[in-house]
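What follows is a set of notes on a single structure, which appears directly below.
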Amino acid sequence: MQNGQDSSAERVPGFDTVLIANRGEVALRILRACKDLGLKTVMVCSQADRQASYGTLADTFLCIGPASAGKSYLNRDAILLAARLTGAGAVHPGYGFLSENAAFSEAVEDAGMVFIGPTAQSIATMGDKIAAKSAMIAAGVPCVPGPDSALPDDRTAVEAIASKIGYPVIVKAAGGGGGRGMRVVPDAGVLHESVSVTREEARQAFGSPALYMEKFLQHPRHIEIQVLCDVHGNAVWLGHRDCSMQRRHQKVIEEAPAPGIAPDVIGPVAEACVRACLQIGYRGVGTFEFLYEDGGFYFIEMNTRLQVEHPVTEMTSGIDIVQAQIKAAQGIPLDVAQAAVTVDGHAFECRINAEDPTTFLASAGTVTALTLPSGPGIRVDTHVHAGYRVSPYYDSLIGKLIVHAPSRAEAIVMMRTALAGTEIEGISTNLPLLRMLFNDEGFAAGGTDIHYLEKWLKRRSAS
Amino acid sequence: MSRVNFGDPAVIASLAAALEAAGVDGIEIEQDARKVRIVIERGILGAVPQVDASQHSSAATHAISVAAPTAGLFCSAHPASVAPPLELPREVVPGEMLGFIRVGPILLPVKASGTGILMRSLAGDGSLVGYGEPLFEIEPCP
C-alpha cells in the first residue's frame, strides 16, 4: 500500500443502499457483494428483464424503461429518478452501459449520491487516449512509441512523425475504444489516405476528429494489471492477467497470472501504474491494459471500472474486488498492504456467450435445461437458470466459468472437466469452441498473442 | 376582483395543463417580487400534465391493463382532493383520470384510453411502481 495525499476523504458520505445500474451476471455479482457487506440493494431493469428471477433477490427491483438500452440501462435520468425514489445512497454501474460515462458519474455525485467508481475527471482523462497517454508518461508507465499529442493536420509533419516511429504504424481516434476508430498503416504509400479516412470516421463515430499515431506491434499479447485505490491516498496492484485470447477485440478466455512473465519484469510496470493512480487521484478499481511484445510493455488504455474478468484475480489474490470497490466508495481505507498481496496458483475464466460457436451470431431464446459444474476450485458467475429467456436486446454474455488450481497445467485440466460438465440447452452457446481451445496445444503452451484465435478460426474454417 | 396566487401548486398545474392543451411552450409571470416560469417539455418527464397511459391486452381475461408511464409513487387520487374514493367496478371513458404517478413534486396523470368497466386497481396507494407496471384493469364494453 502506498500513501499519498488524503485529499478527498472528507467528501465521501456514507450509504446503506446501493442502486445497481446494470443487468445479468454482473448485477447479481454486485448484489451478492452488497449483501455480504450488509448493504440494501435496489436493482433497476428494463421491461425485457422485468421477469428476471435474480431481481427478486434485491430489496427493491424496479423497472425504469423499455427494453431498448438507451431508454433504460443507458438512461441517466431514469436511473437517477429510481435512485431518488428508492432512497439509494450510491450507484454501482457495473461494466458496460454507463460505467465509464464521466457525465453520469458527475450527475450521480451532483445528486448527492456516491458513484461507485472513479471521479468524472478521472474517467474523462482516461477516456481521452491522448490525455491518458500523457498521464501515463508522467508517471513512468511505458507507452507505445509515438507522440502523446494529437496528429497535426500538416501532411509533412504527419510524414515526419510516422517516419520517426517507423512503419508499420497505427492511427487511432483519440476518443475511440473497443477496437473501433483505428487503422494500420503498413507503409508511407497509404499514410495520408489512412489518416484522412480514420479522421472522418472519428469525427462521425466519436464526435471528435482528433487522432494519434503509434507504433503498430505485430504479435503482441494483451496483459493487464488490476489496481485498487481508496480515497485516502492508498493504492495497490492485485496481480496481472493475460487476455490475449480474443476475437474481434472481444475477450474469450482470460487467465491470471499472465504466463511466462517474470515478476521483476512486470513488477516495475505495475508499480508505475500505482504511481499513476496516486498522481491522478484515482479511486476504486481500475485496470491498466498493455500490449506485451518481446519483453516490452506498452500501455493501451485504462479501464476505469470493474472488468468482466475480475474473478480470475479474485481467485489468485483472495481479495473480493467488488467488495473492496464498494468499501473504497464508502471511504473505508484499504485494509491490504502491497507486501501482503499474493498471487496464489492459477485461474482461468471462460466467457460463455449465447451465440453460434461457428458463425458467432447471437442466439436468443429460452434455456430449456442447464447443468453447471461445481466442486473445489470451480466457480460459476451467472444469472441464467433453466427457463430463463435470453434477451435479444443485450450483450450475449450469459455466464462465466472460472477455475482455480495450484498450477496453470492443473487449471487447464480442471477447466476441461468443468466445460465437459457444463450443458446449456435451448440456445446455442460458444461452449464447443471453448472446449476445443482448452484442448489446443498452442494455448496449453501459454503465451499466445492477440491474433492467435483469429488465425485459429481461419484455419478451422479452411479445414 | 380576486387575486390569483401563482405560487399555488394547483394553479401551476392548471396553467401547465392549459398551456399544454393550447400548444404553448411556456409562460413567465411576475407577481410582486416573485416570478413563476412554466416550461412545457413535450415527451420529456417534466411538467407535462398529459401522459398517455400505455395499455396492454390480457388474453386470459380480455381485460386491458393500464400501465404506469414511468417509475414513481402511485396515488389513487390527487393529494388536494377531498372527494371520497370512487367505488369499483365503475364505468370509465377515454381520458378519464384514474390516478397519478408522483415523481418528486410532479404528478403525472394516469388516464383511461378506452371505454369500459374499471374492474380492479392493482397498485396500493403510495406504493412504488415501475415503468410499464399494470395499475388498473378495464374490461372493454362490448
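Following the order of the C-alpha cells, first chain is A, next is B, and so on, with residues numbered from 1 inside each chain and ligands from 1 in the order they appear.
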For chain A, which residues have at least one atom within 8 Å of chain B, if we go by only C-alpha atoms? Write them as a PyMOL selection string, please.
chain A and resi 47+62-66+81-82+85
Spatial neighbours of range 198-206 of chain A, max dist 6 Å, only C-alpha atoms, sep filter under 3 positions, as a PyMOL selection string:
chain A and resi 173+175+181+195+209
Please write the residues from the selection above to a file, keeping N, CA and C atoms, as a JSON list (two decimals), in the first residue's frame.
```
[["chain", "number", "residue", "atom", "x", "y", "z"],
["A", 173, "ALA", "N", -8.38, 6.94, -33.21],
["A", 173, "ALA", "CA", -9.20, 8.07, -32.77],
["A", 173, "ALA", "C", -8.94, 8.32, -31.30],
["A", 175, "GLY", "N", -10.81, 9.63, -29.17],
["A", 175, "GLY", "CA", -11.99, 9.31, -28.35],
["A", 175, "GLY", "C", -12.52, 7.92, -28.59],
["A", 181, "GLY", "N", -12.40, 2.79, -34.70],
["A", 181, "GLY", "CA", -11.72, 4.05, -34.98],
["A", 181, "GLY", "C", -10.22, 3.91, -35.04],
["A", 195, "VAL", "N", -4.95, 8.28, -42.77],
["A", 195, "VAL", "CA", -5.21, 9.34, -41.79],
["A", 195, "VAL", "C", -6.52, 10.04, -42.11],
["A", 209, "PRO", "N", -12.51, 14.72, -34.37],
["A", 209, "PRO", "CA", -11.61, 14.21, -35.41],
["A", 209, "PRO", "C", -10.18, 13.98, -34.91]]
```
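In this model, the gap between CA of Phe443 in chain A and CA of Glu301 in chain A comes to 25.1 Å.
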Enter the distance from CA of Ile30 in chain A to CA of Ala329 in chain A, in Å, rounded to one decimal.
13.5 Å
Can you pull out the residues contacting Met97 in chain B? Cut-off 10 Å, using only C-alpha atoms, and skip same-chain residues under 5 positions away; I want them as a PyMOL selection string.
chain B and resi 76-78+92+109-113
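CA of Leu211 in chain A is found 6.6 Å from CA of Val171 in chain A.
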Find the spatial neighbours of Arg120 in chain B, counting only C-alpha atoms, within a cut-off of 10 Å - ignore same-chain residues fewer than 4 positions away - and output them as a JSON list (two decimals) with N, CA and C atoms, in the first residue's frame.
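Generated file (selection.json):
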```json
[["chain", "number", "residue", "atom", "x", "y", "z"],
["B", 65, "SER", "N", -54.96, -3.73, -19.39],
["B", 65, "SER", "CA", -54.20, -3.20, -18.27],
["B", 65, "SER", "C", -53.79, -1.76, -18.59],
["B", 87, "GLU", "N", -65.91, 3.98, -6.01],
["B", 87, "GLU", "CA", -66.01, 2.53, -5.81],
["B", 87, "GLU", "C", -65.86, 1.79, -7.12],
["B", 88, "LEU", "N", -65.42, 0.56, -7.04],
["B", 88, "LEU", "CA", -65.26, -0.30, -8.20],
["B", 88, "LEU", "C", -66.25, -1.45, -8.10],
["B", 89, "PRO", "N", -66.67, -2.00, -9.20],
["B", 89, "PRO", "CA", -66.41, -1.55, -10.58],
["B", 89, "PRO", "C", -67.22, -0.30, -10.94],
["B", 90, "ARG", "N", -66.70, 0.41, -11.92],
["B", 90, "ARG", "CA", -67.42, 1.58, -12.40],
["B", 90, "ARG", "C", -67.05, 1.80, -13.87],
["B", 135, "LEU", "N", -51.49, -0.98, -13.54],
["B", 135, "LEU", "CA", -52.08, -0.25, -12.41],
["B", 135, "LEU", "C", -53.58, -0.51, -12.29],
["B", 136, "PHE", "N", -54.23, -0.69, -13.44],
["B", 136, "PHE", "CA", -55.68, -0.90, -13.45],
["B", 136, "PHE", "C", -56.04, -1.95, -14.50],
["B", 137, "GLU", "N", -57.17, -2.58, -14.28],
["B", 137, "GLU", "CA", -57.72, -3.48, -15.29],
["B", 137, "GLU", "C", -59.08, -2.96, -15.72],
["B", 138, "ILE", "N", -59.24, -2.82, -17.02],
["B", 138, "ILE", "CA", -60.51, -2.34, -17.57],
["B", 138, "ILE", "C", -61.06, -3.41, -18.50],
["B", 139, "GLU", "N", -62.30, -3.76, -18.30],
["B", 139, "GLU", "CA", -62.96, -4.68, -19.23],
["B", 139, "GLU", "C", -63.67, -3.83, -20.27]]
```
Surrounding residues of Val227 in chain A excluding itself and chain neighbours under 2 positions, 9 Å, only C-alpha atoms, as a ChimeraX atom specification
/A:225,229,235-239,270,273-274,277,284-288
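Proximity to Gln279 in chain A at 12 Å, evaluated using only C-alpha atoms and with sequence-adjacent residues fewer than 3 positions away removed, yields Gln2, Asn3, Gly4, Gln5, Ser7, Ser122, Ser134, Ala135, Met136, Ile137, Ala138, Ala139, Gly140, Val141, Cys229, Gly233, Asn234, Ala235, Ala272, Cys273, Val274, Arg275, Ala276, Tyr282 and Arg283 of chain A.
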I want to know what sits within 12 Å of Cys141 in chain B, based on only C-alpha atoms, with residues of the same chain fewer than 2 positions away left out; could you give that as a PDB file with N, CA and C atoms, in the first residue's frame?
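For reference, part_0.pdb as written:
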```pdb
ATOM      1  N   HIS B  62     -59.340 -10.817 -21.351  1.00  0.00           N
ATOM      2  CA  HIS B  62     -59.730  -9.803 -22.317  1.00  0.00           C
ATOM      3  C   HIS B  62     -59.781  -8.429 -21.669  1.00  0.00           C
ATOM      4  N   ALA B  63     -59.252  -8.341 -20.443  1.00  0.00           N
ATOM      5  CA  ALA B  63     -59.206  -7.040 -19.795  1.00  0.00           C
ATOM      6  C   ALA B  63     -58.012  -6.266 -20.328  1.00  0.00           C
ATOM      7  N   ILE B  64     -58.101  -4.958 -20.235  1.00  0.00           N
ATOM      8  CA  ILE B  64     -56.994  -4.096 -20.655  1.00  0.00           C
ATOM      9  C   ILE B  64     -56.289  -3.589 -19.403  1.00  0.00           C
ATOM     10  N   ARG B  90     -66.701   0.411 -11.918  1.00  0.00           N
ATOM     11  CA  ARG B  90     -67.420   1.580 -12.403  1.00  0.00           C
ATOM     12  C   ARG B  90     -67.051   1.798 -13.867  1.00  0.00           C
ATOM     13  N   GLU B  91     -67.894   2.505 -14.560  1.00  0.00           N
ATOM     14  CA  GLU B  91     -67.667   2.737 -15.979  1.00  0.00           C
ATOM     15  C   GLU B  91     -66.689   3.898 -16.156  1.00  0.00           C
ATOM     16  N   VAL B  92     -65.780   3.749 -17.094  1.00  0.00           N
ATOM     17  CA  VAL B  92     -64.838   4.835 -17.382  1.00  0.00           C
ATOM     18  C   VAL B  92     -64.879   5.147 -18.870  1.00  0.00           C
ATOM     19  N   VAL B  93     -64.482   6.358 -19.178  1.00  0.00           N
ATOM     20  CA  VAL B  93     -64.461   6.799 -20.583  1.00  0.00           C
ATOM     21  C   VAL B  93     -63.029   7.218 -20.939  1.00  0.00           C
ATOM     22  N   PRO B  94     -62.719   7.256 -22.226  1.00  0.00           N
ATOM     23  CA  PRO B  94     -61.357   7.640 -22.625  1.00  0.00           C
ATOM     24  C   PRO B  94     -60.975   9.001 -22.047  1.00  0.00           C
ATOM     25  N   GLY B 114     -59.652   3.979 -23.105  1.00  0.00           N
ATOM     26  CA  GLY B 114     -60.772   3.318 -23.770  1.00  0.00           C
ATOM     27  C   GLY B 114     -61.994   3.309 -22.856  1.00  0.00           C
ATOM     28  N   THR B 115     -63.121   3.047 -23.456  1.00  0.00           N
ATOM     29  CA  THR B 115     -64.363   2.949 -22.669  1.00  0.00           C
ATOM     30  C   THR B 115     -64.475   1.530 -22.119  1.00  0.00           C
ATOM     31  N   GLY B 116     -64.908   1.439 -20.870  1.00  0.00           N
ATOM     32  CA  GLY B 116     -65.082   0.105 -20.312  1.00  0.00           C
ATOM     33  C   GLY B 116     -65.420   0.174 -18.845  1.00  0.00           C
ATOM     34  N   ILE B 117     -65.353  -0.993 -18.227  1.00  0.00           N
ATOM     35  CA  ILE B 117     -65.633  -1.079 -16.793  1.00  0.00           C
ATOM     36  C   ILE B 117     -64.314  -1.226 -16.056  1.00  0.00           C
ATOM     37  N   LEU B 118     -64.029  -0.268 -15.197  1.00  0.00           N
ATOM     38  CA  LEU B 118     -62.811  -0.344 -14.386  1.00  0.00           C
ATOM     39  C   LEU B 118     -63.063  -1.382 -13.302  1.00  0.00           C
ATOM     40  N   MET B 119     -62.390  -2.516 -13.448  1.00  0.00           N
ATOM     41  CA  MET B 119     -62.676  -3.643 -12.553  1.00  0.00           C
ATOM     42  C   MET B 119     -61.803  -3.640 -11.302  1.00  0.00           C
ATOM     43  N   ILE B 138     -59.238  -2.822 -17.016  1.00  0.00           N
ATOM     44  CA  ILE B 138     -60.512  -2.341 -17.566  1.00  0.00           C
ATOM     45  C   ILE B 138     -61.061  -3.406 -18.500  1.00  0.00           C
ATOM     46  N   GLU B 139     -62.304  -3.763 -18.296  1.00  0.00           N
ATOM     47  CA  GLU B 139     -62.959  -4.676 -19.234  1.00  0.00           C
ATOM     48  C   GLU B 139     -63.671  -3.834 -20.270  1.00  0.00           C
TER      49      GLU B 139
END
```
Looking at A:Val185, A:Ile427, A:Ala256, A:Val44, which one is nearest to Gln226 in chain A, with distances taken over only C-alpha atoms?
A:Ala256
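For the residues A:Asn430, A:Ser99, A:Gln121, A:Gln218, ranking by smallest atom-to-atom distance to Asp294 in chain A using only C-alpha atoms places A:Gln218 first.
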May I have all residues of range 66-133 of chain B that DSSP, computed from the backbone, assigns to strand (DSSP E), given as an NGL selection string?
:B and (66-67 or 72-75 or 90-92 or 97-103 or 106-111 or 116-121 or 128-129)
